[in-house]
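Engineer: Dropping in upload-v2.txt, with compact mmCIF, C-alpha atoms and all ligand atoms.
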```txt
# COMPACT_ATOMS: atom_id res chain seq x y z
CA MET E 7 11.79 34.07 -0.15
CA ASN E 8 8.67 36.06 -0.84
CA GLU E 9 6.10 36.72 1.81
CA ILE E 10 2.59 35.84 0.88
CA LEU E 11 -0.48 37.41 2.34
CA LEU E 12 -3.65 35.39 2.57
CA GLU E 13 -6.78 35.09 4.64
CA ILE E 14 -7.62 32.07 6.77
CA ASP E 15 -10.91 32.03 8.66
CA GLY E 16 -11.20 35.78 8.31
CA LYS E 17 -7.73 36.34 9.74
CA GLU E 18 -4.88 37.91 7.82
CA VAL E 19 -2.00 35.48 7.66
CA ARG E 20 1.52 35.97 6.36
CA ALA E 21 3.49 32.98 5.19
CA ARG E 22 6.66 32.31 3.31
CA GLU E 23 6.31 31.19 -0.26
CA GLY E 24 6.28 27.42 -0.51
CA THR E 25 4.70 26.72 2.86
CA THR E 26 1.52 24.73 2.85
CA LEU E 27 -1.87 26.03 3.89
CA LEU E 28 -1.77 23.70 6.87
CA GLU E 29 1.55 25.09 8.09
CA ALA E 30 0.45 28.65 7.52
CA ALA E 31 -2.70 28.02 9.54
CA GLN E 32 -0.78 26.30 12.31
CA ASN E 33 1.66 29.19 12.53
CA ALA E 34 -1.27 31.56 12.85
CA GLY E 35 -2.70 29.50 15.67
CA ILE E 36 -5.55 28.06 13.61
CA SER E 37 -5.86 24.34 14.05
CA ILE E 38 -6.83 21.98 11.25
CA PRO E 39 -7.34 18.29 12.02
CA LYS E 40 -4.73 16.00 10.49
CA LEU E 41 -3.56 12.44 10.72
CA CYS E 42 -0.81 11.87 8.21
CA GLN E 43 1.04 15.19 8.31
CA HIS E 44 4.24 15.43 10.33
CA GLU E 45 6.55 18.43 10.44
CA LYS E 46 9.64 16.36 9.74
CA LEU E 47 8.16 14.49 6.79
CA ILE E 48 7.46 15.28 3.17
CA PRO E 49 3.74 16.09 2.73
CA PHE E 50 1.81 12.97 1.89
CA GLY E 51 -1.85 13.88 1.57
CA GLY E 52 -3.06 10.45 2.56
CA CYS E 53 -5.79 10.91 5.12
CA ARG E 54 -7.63 13.87 3.54
CA LEU E 55 -8.84 15.01 6.94
CA CYS E 56 -7.10 18.35 6.63
CA LEU E 57 -9.19 19.43 3.66
CA VAL E 58 -10.28 23.08 3.59
CA GLU E 59 -12.36 25.29 1.34
CA VAL E 60 -10.68 27.95 -0.76
CA GLU E 61 -12.51 30.72 -2.53
CA SER E 62 -11.63 30.95 -6.15
CA GLY E 63 -14.82 32.30 -7.57
CA SER E 64 -17.92 30.30 -6.86
CA PRO E 65 -18.41 27.49 -6.17
CA THR E 66 -15.60 27.18 -3.67
CA LYS E 67 -12.91 24.60 -4.15
CA LEU E 68 -11.98 21.85 -1.70
CA VAL E 69 -8.24 21.36 -1.33
CA VAL E 70 -6.06 19.23 0.90
CA SER E 71 -4.28 21.78 3.05
CA CYS E 72 -1.19 19.75 3.92
CA VAL E 73 -0.13 19.55 0.27
CA TYR E 74 -1.53 22.86 -1.00
CA PRO E 75 0.98 25.71 -1.15
CA VAL E 76 -0.04 29.19 -0.02
CA GLU E 77 -1.11 31.63 -2.71
CA GLU E 78 -1.34 35.40 -2.66
CA SER E 79 -4.71 36.74 -1.45
CA LEU E 80 -6.23 33.30 -1.18
CA VAL E 81 -9.33 33.15 1.01
CA VAL E 82 -9.44 29.97 3.04
CA ARG E 83 -12.06 28.51 5.34
CA THR E 84 -11.07 25.68 7.64
CA ARG E 85 -14.57 24.93 8.90
CA SER E 86 -17.89 25.01 7.11
CA GLU E 87 -20.94 22.83 6.93
CA LYS E 88 -19.53 21.10 3.88
CA ILE E 89 -16.07 20.51 5.35
CA ASP E 90 -17.50 19.22 8.60
CA ARG E 91 -19.77 16.83 6.75
CA ILE E 92 -16.89 15.40 4.73
CA ARG E 93 -14.62 15.10 7.76
CA LYS E 94 -17.39 13.32 9.61
CA THR E 95 -17.72 10.71 6.87
CA LEU E 96 -13.95 10.31 6.58
CA LEU E 97 -13.76 9.70 10.32
CA GLU E 98 -16.58 7.19 10.15
CA LEU E 99 -14.75 5.29 7.42
CA LEU E 100 -11.47 5.36 9.32
CA LEU E 101 -13.19 4.21 12.50
CA ALA E 102 -14.46 1.15 10.69
CA HIS E 103 -10.80 0.16 10.38
CA ALA E 104 -9.49 1.35 13.72
CA PRO E 105 -12.44 1.54 16.11
CA ASN E 106 -10.24 1.75 19.20
CA SER E 107 -8.01 4.59 18.12
CA LEU E 108 -8.22 7.32 20.75
CA GLN E 109 -7.09 9.96 18.31
CA LEU E 110 -9.93 9.07 15.96
CA GLN E 111 -12.43 8.88 18.77
CA ASP E 112 -11.54 12.39 19.93
CA LEU E 113 -12.00 13.75 16.44
CA ALA E 114 -15.23 11.78 16.10
CA LYS E 115 -16.61 13.57 19.13
CA GLU E 116 -15.74 16.92 17.67
CA TYR E 117 -17.35 16.19 14.31
CA GLY E 118 -20.25 14.11 15.56
CA ALA E 119 -19.05 11.03 13.71
CA ASN E 120 -20.78 7.77 14.51
CA LYS E 121 -18.15 5.08 14.92
CA ASP E 122 -20.63 2.33 14.19
CA ARG E 123 -21.96 3.78 10.96
CA PHE E 124 -19.99 1.42 8.76
CA GLU E 125 -19.50 -2.26 9.30
CA LYS E 126 -16.27 -2.90 11.22
CA GLU E 127 -13.37 -4.14 9.21
CA ALA E 128 -10.71 -3.77 11.81
CA SER E 129 -7.41 -3.75 9.98
CA PHE E 130 -6.09 -1.22 12.55
CA CYS E 131 -3.75 0.38 10.05
CA ILE E 132 -5.27 3.36 8.27
CA HIS E 133 -2.38 3.70 5.80
CA CYS E 134 -1.29 7.10 7.03
CA GLY E 135 2.27 6.09 6.21
CA LEU E 136 3.74 7.87 9.23
CA CYS E 137 5.76 4.87 10.39
CA VAL E 138 6.96 3.99 6.91
CA ARG E 139 7.88 7.54 5.97
CA TYR E 140 9.48 8.31 9.30
CA CYS E 141 11.70 5.27 9.05
CA ALA E 142 12.67 6.14 5.48
CA GLU E 143 12.95 9.92 5.65
CA VAL E 144 14.11 10.69 9.15
CA LYS E 145 15.90 7.53 10.26
CA LYS E 146 16.91 6.48 6.73
CA LEU E 147 16.66 2.87 7.83
CA ASN E 148 13.76 1.57 5.74
CA ALA E 149 13.03 -1.13 8.24
CA VAL E 150 9.31 -0.91 7.65
CA GLY E 151 7.46 -0.59 4.38
CA PHE E 152 4.10 -1.13 2.79
CA VAL E 153 3.25 -4.32 0.96
CA ASP E 154 0.35 -5.25 -1.29
CA ARG E 155 -2.23 -2.71 -2.42
CA GLY E 156 -5.70 -1.34 -1.95
CA ILE E 157 -7.66 -2.84 0.90
CA ASN E 158 -4.96 -5.48 1.37
CA LYS E 159 -2.16 -2.98 1.85
CA GLU E 160 -0.37 -3.41 5.13
CA ILE E 161 2.89 -2.53 6.81
CA SER E 162 5.66 -5.06 6.98
CA PHE E 163 9.01 -5.05 8.68
CA ILE E 164 12.09 -6.30 6.88
CA PRO E 165 13.32 -8.82 9.46
CA GLU E 166 17.00 -8.42 8.59
CA ILE E 167 16.87 -4.67 9.20
CA ALA E 168 14.32 -4.72 12.01
CA SER E 169 16.30 -7.24 14.02
CA LYS E 170 19.31 -4.94 13.94
CA GLU E 171 17.85 -1.46 14.16
CA CYS E 172 14.40 -1.39 15.71
CA LYS E 173 15.27 -2.32 19.24
CA ASP E 174 17.24 0.89 19.72
CA CYS E 175 14.75 3.12 17.93
CA MET E 176 11.02 2.40 18.06
CA GLU E 177 10.43 6.04 17.35
CA CYS E 178 7.70 5.19 14.89
CA PHE E 179 5.50 3.49 17.49
CA PRO E 180 4.10 6.57 19.17
CA LEU E 181 3.49 8.20 15.77
CA CYS E 182 0.83 5.69 14.84
CA PRO E 183 -2.69 7.11 15.14
CA THR E 184 -4.18 3.68 15.68
CA SER E 185 -1.52 1.68 17.55
CA TYR E 186 -1.57 -1.03 14.93
CA LEU E 187 2.13 -0.72 14.44
CA GLN E 188 2.99 -2.07 17.85
CA ALA E 189 0.90 -5.14 17.34
CA ALA E 190 2.41 -5.83 13.96
CA PHE E 191 5.90 -5.35 15.24
CA VAL E 192 5.44 -7.66 18.15
CA PHE E 193 3.82 -10.18 15.90
CA ILE E 194 6.54 -10.21 13.28
CA GLU E 195 9.26 -10.11 15.84
CA ALA E 196 7.84 -13.09 17.61
CA LEU E 197 7.66 -15.00 14.35
CA ALA E 198 10.98 -14.02 12.93
CA PHE E 199 13.25 -13.86 15.92
CA PRO E 200 11.71 -15.72 18.82
CA GLU E 201 14.93 -15.53 20.81
CA ALA E 202 15.02 -11.74 20.63
CA SER E 203 11.39 -11.15 21.40
CA SER E 204 11.67 -12.18 25.01
CA GLY E 205 14.61 -9.92 25.79
CA ILE E 206 13.13 -6.66 24.53
CA PRO E 207 13.35 -3.84 27.06
CA SER E 208 10.17 -2.69 28.68
CA LYS E 209 10.22 0.58 26.73
CA LYS E 210 8.02 -0.91 24.09
CA GLN E 211 5.53 -2.18 26.59
CA LYS E 212 5.30 1.31 28.00
CA LEU E 213 4.59 2.74 24.60
CA ILE E 214 1.82 0.27 24.03
CA ASN E 215 0.22 1.07 27.35
CA ASN E 216 0.41 4.78 26.67
CA GLN E 217 -1.61 4.56 23.50
CA MET B 16 18.23 -18.02 -10.44
CA ASP B 17 21.80 -17.18 -9.52
CA ASN B 18 23.26 -13.78 -8.83
CA LYS B 19 25.31 -13.85 -12.03
CA ARG B 20 22.20 -13.98 -14.16
CA ILE B 21 20.48 -11.33 -12.05
CA ASP B 22 23.51 -9.08 -12.44
CA GLN B 23 23.39 -9.58 -16.21
CA ILE B 24 19.78 -8.46 -16.26
CA ILE B 25 20.60 -5.45 -14.11
CA ASP B 26 23.50 -4.54 -16.39
CA LYS B 27 21.22 -4.77 -19.39
CA HIS B 28 19.24 -1.95 -17.82
CA ARG B 29 22.45 -0.09 -17.01
CA GLY B 30 21.86 -0.54 -13.30
CA GLU B 31 19.46 2.37 -13.13
CA ALA B 32 17.11 2.54 -10.19
CA SER B 33 14.42 3.90 -12.49
CA SER B 34 14.45 0.55 -14.32
CA LEU B 35 13.48 -1.34 -11.19
CA ILE B 36 10.15 -2.53 -12.53
CA GLN B 37 11.64 -3.56 -15.88
CA ILE B 38 14.34 -5.55 -14.11
CA LEU B 39 11.79 -7.28 -11.91
CA LEU B 40 9.67 -8.06 -14.97
CA ASP B 41 12.67 -9.63 -16.71
CA ILE B 42 13.43 -11.80 -13.70
CA GLN B 43 9.77 -12.71 -13.35
CA SER B 44 9.46 -13.78 -16.98
CA GLU B 45 12.61 -15.86 -16.87
CA ASN B 46 12.22 -17.37 -13.43
CA HIS B 47 8.39 -17.26 -13.15
CA TRP B 48 8.62 -15.81 -9.67
CA LEU B 49 10.69 -13.43 -7.55
CA PRO B 50 12.59 -15.14 -4.75
CA LYS B 51 13.54 -13.02 -1.78
CA GLU B 52 17.25 -13.40 -2.57
CA ALA B 53 16.67 -11.96 -6.03
CA LEU B 54 14.81 -8.97 -4.59
CA GLY B 55 17.65 -8.46 -2.13
CA ARG B 56 20.23 -8.57 -4.88
CA VAL B 57 18.33 -6.11 -7.06
CA SER B 58 17.83 -3.71 -4.14
CA GLU B 59 21.47 -3.85 -3.24
CA LYS B 60 22.75 -3.28 -6.77
CA LEU B 61 20.30 -0.48 -7.56
CA GLU B 62 20.62 1.04 -4.10
CA VAL B 63 16.89 0.99 -3.64
CA PRO B 64 15.66 0.10 -0.13
CA LEU B 65 14.37 -3.45 0.09
CA SER B 66 11.15 -2.10 1.58
CA ARG B 67 10.50 -0.19 -1.65
CA THR B 68 11.32 -3.20 -3.83
CA MET B 69 8.99 -5.33 -1.73
CA HIS B 70 6.25 -2.72 -2.01
CA ILE B 71 6.50 -2.75 -5.79
CA ALA B 72 6.87 -6.51 -6.10
CA SER B 73 3.80 -7.04 -3.94
CA PHE B 74 1.82 -4.27 -5.61
CA TYR B 75 1.66 -5.52 -9.18
CA LYS B 76 -0.14 -8.69 -10.06
CA ALA B 77 2.42 -9.38 -12.76
CA PHE B 78 4.88 -10.35 -10.05
CA SER B 79 4.74 -13.49 -7.97
CA LEU B 80 6.45 -13.83 -4.63
CA VAL B 81 5.79 -17.56 -4.50
CA PRO B 82 7.09 -20.25 -6.87
CA LYS B 83 4.94 -20.85 -9.94
CA GLY B 84 4.24 -24.00 -11.88
CA ARG B 85 5.55 -24.72 -15.35
CA HIS B 86 2.25 -23.78 -16.94
CA ALA B 87 0.43 -20.56 -16.13
CA VAL B 88 -3.28 -21.22 -16.54
CA HIS B 89 -5.37 -18.06 -16.75
CA ILE B 90 -9.12 -18.30 -16.85
CA CYS B 91 -10.90 -15.23 -18.07
CA MET B 92 -13.76 -14.13 -15.86
CA GLY B 93 -14.48 -10.90 -17.76
CA THR B 94 -18.04 -9.98 -18.64
CA ALA B 95 -18.15 -11.63 -22.05
CA CYS B 96 -16.59 -14.86 -20.80
CA HIS B 97 -18.74 -14.73 -17.70
CA VAL B 98 -21.98 -14.71 -19.65
CA ARG B 99 -20.68 -17.58 -21.73
CA GLY B 100 -20.08 -19.77 -18.72
CA ALA B 101 -16.57 -18.95 -17.49
CA LYS B 102 -17.65 -19.90 -14.03
CA ARG B 103 -18.34 -23.47 -15.05
CA ILE B 104 -15.03 -23.63 -16.92
CA LEU B 105 -13.25 -22.44 -13.81
CA GLU B 106 -15.03 -24.99 -11.66
CA THR B 107 -14.05 -27.74 -14.08
CA VAL B 108 -10.40 -26.67 -14.09
CA GLU B 109 -10.47 -26.46 -10.30
CA GLU B 110 -11.81 -29.98 -10.15
CA LEU B 111 -9.33 -31.38 -12.67
CA THR B 112 -6.27 -29.78 -11.11
CA GLY B 113 -7.36 -29.66 -7.49
CA LEU B 114 -6.33 -26.00 -7.41
CA LYS B 115 -8.05 -22.79 -6.44
CA PRO B 116 -7.09 -19.53 -8.15
CA GLY B 117 -3.70 -18.36 -6.87
CA GLU B 118 -2.51 -21.88 -6.13
CA THR B 119 0.17 -24.12 -7.61
CA ASP B 120 0.24 -27.91 -7.34
CA VAL B 121 3.01 -29.80 -5.56
CA GLU B 122 4.43 -31.14 -8.82
CA MET B 123 4.79 -27.53 -9.98
CA LYS B 124 2.83 -28.34 -13.09
CA TYR B 125 0.04 -25.75 -13.13
CA SER B 126 -0.52 -22.39 -11.51
CA LEU B 127 -4.12 -21.31 -11.69
CA GLU B 128 -5.22 -17.67 -11.87
CA THR B 129 -8.36 -15.86 -12.86
CA VAL B 130 -8.13 -12.69 -14.93
CA ASN B 131 -10.67 -10.04 -15.77
CA CYS B 132 -10.65 -9.77 -19.56
CA LEU B 133 -7.93 -10.88 -21.90
CA GLY B 134 -9.12 -8.59 -24.64
CA CYS B 135 -10.44 -11.28 -26.95
CA CYS B 136 -14.06 -11.33 -25.88
CA ALA B 137 -15.30 -12.81 -29.15
CA LEU B 138 -13.45 -16.02 -28.29
CA GLY B 139 -15.07 -16.43 -24.88
CA PRO B 140 -14.96 -18.37 -22.75
CA VAL B 141 -11.17 -18.25 -22.89
CA ILE B 142 -8.49 -20.23 -21.12
CA GLU B 143 -5.03 -18.83 -21.65
CA ILE B 144 -2.11 -21.13 -20.95
CA ASN B 145 1.46 -19.83 -21.11
CA GLY B 146 0.23 -16.90 -23.12
CA LYS B 147 -1.65 -18.99 -25.70
CA ALA B 148 -5.39 -18.39 -25.85
CA HIS B 149 -7.76 -21.34 -26.11
CA GLY B 150 -11.10 -19.91 -27.19
CA LYS B 151 -14.69 -21.08 -27.15
CA VAL B 152 -13.89 -23.88 -24.75
CA SER B 153 -16.69 -25.96 -23.36
CA VAL B 154 -16.74 -27.86 -20.11
CA SER B 155 -16.07 -31.09 -21.97
CA ASP B 156 -13.11 -29.59 -23.89
CA THR B 157 -11.40 -28.46 -20.74
CA SER B 158 -9.50 -31.57 -19.80
CA GLY B 159 -8.29 -31.95 -23.41
CA VAL B 160 -6.92 -28.44 -23.37
CA LEU B 161 -5.09 -29.02 -20.11
CA GLU B 162 -3.64 -32.31 -21.31
CA HIS B 163 -1.65 -30.49 -23.99
CA TYR B 164 0.57 -29.20 -21.22
CA LYS B 165 2.69 -31.82 -19.54
S1 LIG Q 301 0.79 1.25 11.15
FE1 LIG Q 301 0.02 3.16 12.07
S2 LIG Q 301 1.60 4.70 11.56
FE2 LIG Q 301 1.95 2.95 10.22
S3 LIG Q 301 0.80 3.44 8.34
FE3 LIG Q 301 -0.55 2.20 9.64
S4 LIG Q 301 -1.76 3.68 10.79
FE4 LIG Q 301 0.00 4.79 9.97
S1 LIG Q 302 -2.96 15.61 7.03
FE1 LIG Q 302 -3.40 16.28 5.05
S2 LIG Q 302 -4.08 14.50 4.06
FE2 LIG Q 302 -3.53 13.77 6.02
```
Please express what this file holds, its structure, as C-alpha cells.
Structural biologist:
Amino acid sequence: MNEILLEIDGKEVRAREGTTLLEAAQNAGISIPKLCQHEKLIPFGGCRLCLVEVESGSPTKLVVSCVYPVEESLVVRTRSEKIDRIRKTLLELLLAHAPNSLQLQDLAKEYGANKDRFEKEASFCIHCGLCVRYCAEVKKLNAVGFVDRGINKEISFIPEIASKECKDCMECFPLCPTSYLQAAFVFIEALAFPEASSGIPSKKQKLINNQ
Amino acid sequence: MDNKRIDQIIDKHRGEASSLIQILLDIQSENHWLPKEALGRVSEKLEVPLSRTMHIASFYKAFSLVPKGRHAVHICMGTACHVRGAKRILETVEELTGLKPGETDVEMKYSLETVNCLGCCALGPVIEINGKAHGKVSVSDTSGVLEHYK
C-alpha cells in the first residue's frame, strides 16, 4: 500500500492509500464532526456534517470527508467560515427533527446553531443509517431496515427476526444519535409481541436512560 | 398468490438477486399487490434480506403493500390537467366512490390514486382506469366513465 502525503489544517499528514480524509484526520488527531460515520461500517455519507474544504485551484471544493479518499499533496481545511456556516445550517435542520438529541445539541453549541430556527417536525430519526447498517454489516442479522422514502422514510424492525435476535443484542441502541431507535423498538415490540415486551431485561431501560 | 406461482416468476428471472425489482413488478402486475408472504418467499429464494426487500417494496410507488381493488383508477393532477379542472374531477370521483386517494373500497372494486402527469396533457383532464386513458372528461361524464368498470 502506498503512503500518501497531504496537508490537513496546515499539518503534514501521512495516510495509507484508500483511507478517507476523515480517517486520515482522525489519525492525525484532528477532529471533524460526524454523525453517520462508524469505524466498523462502510462509509455512507448521509449526514454531510463532516464536509471539508479541499484546495484544487480556486475556488476551493467542498467534499464529504468520510467518503473522500486521500490524495497526494491535497490541501484540506476542516474549519472555515464557509464550512462552519454550512454545518450550522445542517445542524439546525437536523434539530428540527430531533430537538432533544444531546449529540446534536453539543454540536449546535459549538457551531452556534439555533435549534428553533426551523419549525419542529420531530420525527426523531435523522436517517443516519447507523442502526440499519450496523445490524446488516456487523451483526449480519438484518433485523432492522428502512421503509418508505424521502420525508416519510423510517426504520422498521422485522418482527420475526427482531423477536428472536434483538433481545440478546441491542447493540444498535447506543449508536443512535437521537435515541429514536429505542422508542421505535419498544413501540413495535409492544405491538408485535406483547408477551415478550414485559419480560425484557432492564439492560434496555438502562440504555434509554443513558441517552 | 401461491408459492408455486411466485417460484415460477423467480425462475423466469433465473433467481438472480439483481432481478429483485423485476420480480416484484411481475408479482405486482399479476396480483395487484405484494403480500408479506410473497415478499418473504422472494427474499428467501433470492437470498436478499427481508429488510432490503421491504425497503424496495415500500420505496417505489409502483408497488402496493395493501390489497388493491379490481380497477385501478388514476386521476391525473399534473399541471395541464390541473388547469383544466382535475381537482373537480377528483372531488367528483371521491364523492361517487366514497374513496380518498390511496384507498380501496370494501368490495374491492376501485382503488383510487392521484398521479402527477400521465404524459398525455392534450387530453386533460384525464382519468386512467386499468391503464386505459379517458380524456377530456367533464364532471358530468365522470360517473359514466366509472360505470364502465364493474
Ligand atoms: S433510528 Fe437512530 S441510528 Fe437508526 S437511522 Fe435513525 S437516527 Fe440513525
Ligand atoms: S459522517 Fe460523513 S456524511 Fe455523515
Engineer: Please identify the residues whose atoms come within 10 Å of ligand LIG 301 (chain Q), using all atoms listed in the file, and report them as a PyMOL selection string.
Structural biologist: chain E and resi 41-42+52-53+100+103-104+107+129-140+150-152+159-162+178-191
Engineer: Would you write out those residues with C-alpha atoms, as a PDB file, keeping the file's coordinate frame?
Structural biologist:
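Below is the file that was written, again-v2.pdb:
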```pdb
ATOM      1  CA  LEU E  41      -3.560  12.440  10.720  1.00  0.00           C
ATOM      2  CA  CYS E  42      -0.810  11.870   8.210  1.00  0.00           C
ATOM      3  CA  GLY E  52      -3.060  10.450   2.560  1.00  0.00           C
ATOM      4  CA  CYS E  53      -5.790  10.910   5.120  1.00  0.00           C
ATOM      5  CA  LEU E 100     -11.470   5.360   9.320  1.00  0.00           C
ATOM      6  CA  HIS E 103     -10.800   0.160  10.380  1.00  0.00           C
ATOM      7  CA  ALA E 104      -9.490   1.350  13.720  1.00  0.00           C
ATOM      8  CA  SER E 107      -8.010   4.590  18.120  1.00  0.00           C
ATOM      9  CA  SER E 129      -7.410  -3.750   9.980  1.00  0.00           C
ATOM     10  CA  PHE E 130      -6.090  -1.220  12.550  1.00  0.00           C
ATOM     11  CA  CYS E 131      -3.750   0.380  10.050  1.00  0.00           C
ATOM     12  CA  ILE E 132      -5.270   3.360   8.270  1.00  0.00           C
ATOM     13  CA  HIS E 133      -2.380   3.700   5.800  1.00  0.00           C
ATOM     14  CA  CYS E 134      -1.290   7.100   7.030  1.00  0.00           C
ATOM     15  CA  GLY E 135       2.270   6.090   6.210  1.00  0.00           C
ATOM     16  CA  LEU E 136       3.740   7.870   9.230  1.00  0.00           C
ATOM     17  CA  CYS E 137       5.760   4.870  10.390  1.00  0.00           C
ATOM     18  CA  VAL E 138       6.960   3.990   6.910  1.00  0.00           C
ATOM     19  CA  ARG E 139       7.880   7.540   5.970  1.00  0.00           C
ATOM     20  CA  TYR E 140       9.480   8.310   9.300  1.00  0.00           C
ATOM     21  CA  VAL E 150       9.310  -0.910   7.650  1.00  0.00           C
ATOM     22  CA  GLY E 151       7.460  -0.590   4.380  1.00  0.00           C
ATOM     23  CA  PHE E 152       4.100  -1.130   2.790  1.00  0.00           C
ATOM     24  CA  LYS E 159      -2.160  -2.980   1.850  1.00  0.00           C
ATOM     25  CA  GLU E 160      -0.370  -3.410   5.130  1.00  0.00           C
ATOM     26  CA  ILE E 161       2.890  -2.530   6.810  1.00  0.00           C
ATOM     27  CA  SER E 162       5.660  -5.060   6.980  1.00  0.00           C
ATOM     28  CA  CYS E 178       7.700   5.190  14.890  1.00  0.00           C
ATOM     29  CA  PHE E 179       5.500   3.490  17.490  1.00  0.00           C
ATOM     30  CA  PRO E 180       4.100   6.570  19.170  1.00  0.00           C
ATOM     31  CA  LEU E 181       3.490   8.200  15.770  1.00  0.00           C
ATOM     32  CA  CYS E 182       0.830   5.690  14.840  1.00  0.00           C
ATOM     33  CA  PRO E 183      -2.690   7.110  15.140  1.00  0.00           C
ATOM     34  CA  THR E 184      -4.180   3.680  15.680  1.00  0.00           C
ATOM     35  CA  SER E 185      -1.520   1.680  17.550  1.00  0.00           C
ATOM     36  CA  TYR E 186      -1.570  -1.030  14.930  1.00  0.00           C
ATOM     37  CA  LEU E 187       2.130  -0.720  14.440  1.00  0.00           C
ATOM     38  CA  GLN E 188       2.990  -2.070  17.850  1.00  0.00           C
ATOM     39  CA  ALA E 189       0.900  -5.140  17.340  1.00  0.00           C
ATOM     40  CA  ALA E 190       2.410  -5.830  13.960  1.00  0.00           C
ATOM     41  CA  PHE E 191       5.900  -5.350  15.240  1.00  0.00           C
TER      42      PHE E 191
END
```
Engineer: Mind dumping a table of every chain E residue within 9 Å of ligand LIG 302 (chain Q), with the nearest atom pair and its distance in Å to one decimal, using only C-alpha atoms and all ligand atoms, sorted by chain and rising number, as CSV?
Structural biologist:
```
residue,atom,partner,partner_atom,distance
E:Leu28,CA,Q:LIG302,FE1,7.8
E:Ile38,CA,Q:LIG302,S1,8.6
E:Pro39,CA,Q:LIG302,S1,7.2
E:Lys40,CA,Q:LIG302,S1,3.9
E:Leu41,CA,Q:LIG302,FE2,4.9
E:Cys42,CA,Q:LIG302,FE2,4.0
E:Gln43,CA,Q:LIG302,S1,4.2
E:His44,CA,Q:LIG302,S1,7.9
E:Pro49,CA,Q:LIG302,FE1,7.5
E:Phe50,CA,Q:LIG302,S2,6.5
E:Gly51,CA,Q:LIG302,S2,3.4
E:Gly52,CA,Q:LIG302,S2,4.4
E:Cys53,CA,Q:LIG302,FE2,3.8
E:Arg54,CA,Q:LIG302,S2,3.6
E:Leu55,CA,Q:LIG302,FE2,5.5
E:Cys56,CA,Q:LIG302,FE1,4.5
E:Leu57,CA,Q:LIG302,FE1,6.7
E:Val70,CA,Q:LIG302,FE1,5.7
E:Ser71,CA,Q:LIG302,FE1,5.9
E:Cys72,CA,Q:LIG302,FE1,4.3
E:Val73,CA,Q:LIG302,FE1,6.7
E:Cys134,CA,Q:LIG302,FE2,7.1
```
Engineer: Using only C-alpha atoms, which of the listed residues (B:Lys151, B:Lys83, B:His97, B:Lys76) sits closest to chain E?
Structural biologist: B:Lys76
Engineer: State, in Å with one decimal place, the distance from CA of Ser33 (chain B) to CA of Ala87 (chain B).
Structural biologist: 28.4 Å
Engineer: For a cutoff of 6 Å around the file-coordinate point (17.6, -13.9, -7.0), which residues qualify once you count only C-alpha atoms? I'd like the result as a PyMOL selection string.
Structural biologist: chain B and resi 16-18+50+52-53
Engineer: Can you work out the spacing between CA of Asp22 (chain B) and CA of Ser44 (chain B) in Å, to one decimal?
Structural biologist: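 CA of Asp22 (chain B) sits 15.5 Å away from CA of Ser44 (chain B).
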Engineer: Expressed in Å to a single decimal, how great is the separation between CA of Ala32 (chain B) and CA of Glu45 (chain B)?
Structural biologist: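 Interatomic distance, CA of Ala32 (chain B) to CA of Glu45 (chain B): 20.1 Å.
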Engineer: Find, counting only C-alpha atoms, the residue in E:Glu166, E:Glu171, E:Asp154, E:Glu195 that gets nearest to chain B.
Structural biologist: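 Smallest separation from chain B among the options: E:Asp154.
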Engineer: Kindly indicate which residue among E:Asp174, E:Ile194, E:Arg93, E:Arg155 lies nearest to chain B, using all atoms listed in the file for the distances.
Structural biologist: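 When distances to chain B are compared using all atoms listed in the file, the smallest one comes from E:Arg155.
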Engineer: Would you list the contacts of Gly139 (chain B) as a count of residues only, taking every protein, DNA or RNA residue within 7 Å and counting all atoms listed in the file, but skipping same-chain residues closer than 6 positions in sequence?
Structural biologist: 5
Engineer: What are the closest atom pairs, with distances in Å to one decimal, for all residues of chain B lying within 10 Å of chain E? Consider all atoms listed in the file, order rows by chain and residue number, and present the result as JSON lines.
Structural biologist:
```
{"residue": "B:Val63", "atom": "CA", "partner": "E:Asn148", "partner_atom": "CA", "distance": 9.9}
{"residue": "B:Pro64", "atom": "CA", "partner": "E:Asn148", "partner_atom": "CA", "distance": 6.3}
{"residue": "B:Leu65", "atom": "CA", "partner": "E:Asn148", "partner_atom": "CA", "distance": 7.6}
{"residue": "B:Ser66", "atom": "CA", "partner": "E:Gly151", "partner_atom": "CA", "distance": 4.9}
{"residue": "B:Arg67", "atom": "CA", "partner": "E:Gly151", "partner_atom": "CA", "distance": 6.8}
{"residue": "B:Thr68", "atom": "CA", "partner": "E:Gly151", "partner_atom": "CA", "distance": 9.4}
{"residue": "B:Met69", "atom": "CA", "partner": "E:Val153", "partner_atom": "CA", "distance": 6.4}
{"residue": "B:His70", "atom": "CA", "partner": "E:Val153", "partner_atom": "CA", "distance": 4.5}
{"residue": "B:Ile71", "atom": "CA", "partner": "E:Val153", "partner_atom": "CA", "distance": 7.7}
{"residue": "B:Ala72", "atom": "CA", "partner": "E:Asp154", "partner_atom": "CA", "distance": 8.2}
{"residue": "B:Ser73", "atom": "CA", "partner": "E:Asp154", "partner_atom": "CA", "distance": 4.7}
{"residue": "B:Phe74", "atom": "CA", "partner": "E:Asp154", "partner_atom": "CA", "distance": 4.7}
{"residue": "B:Tyr75", "atom": "CA", "partner": "E:Asp154", "partner_atom": "CA", "distance": 8.0}
{"residue": "B:Lys76", "atom": "CA", "partner": "E:Asp154", "partner_atom": "CA", "distance": 9.4}
```
Engineer: Got a sec: who's within 7 Å of region 154-156 of chain B, counting all atoms listed in the file, leaving out chain neighbours fewer than 5 positions off, as a PyMOL selection string?
Structural biologist: chain B and resi 103-104+107
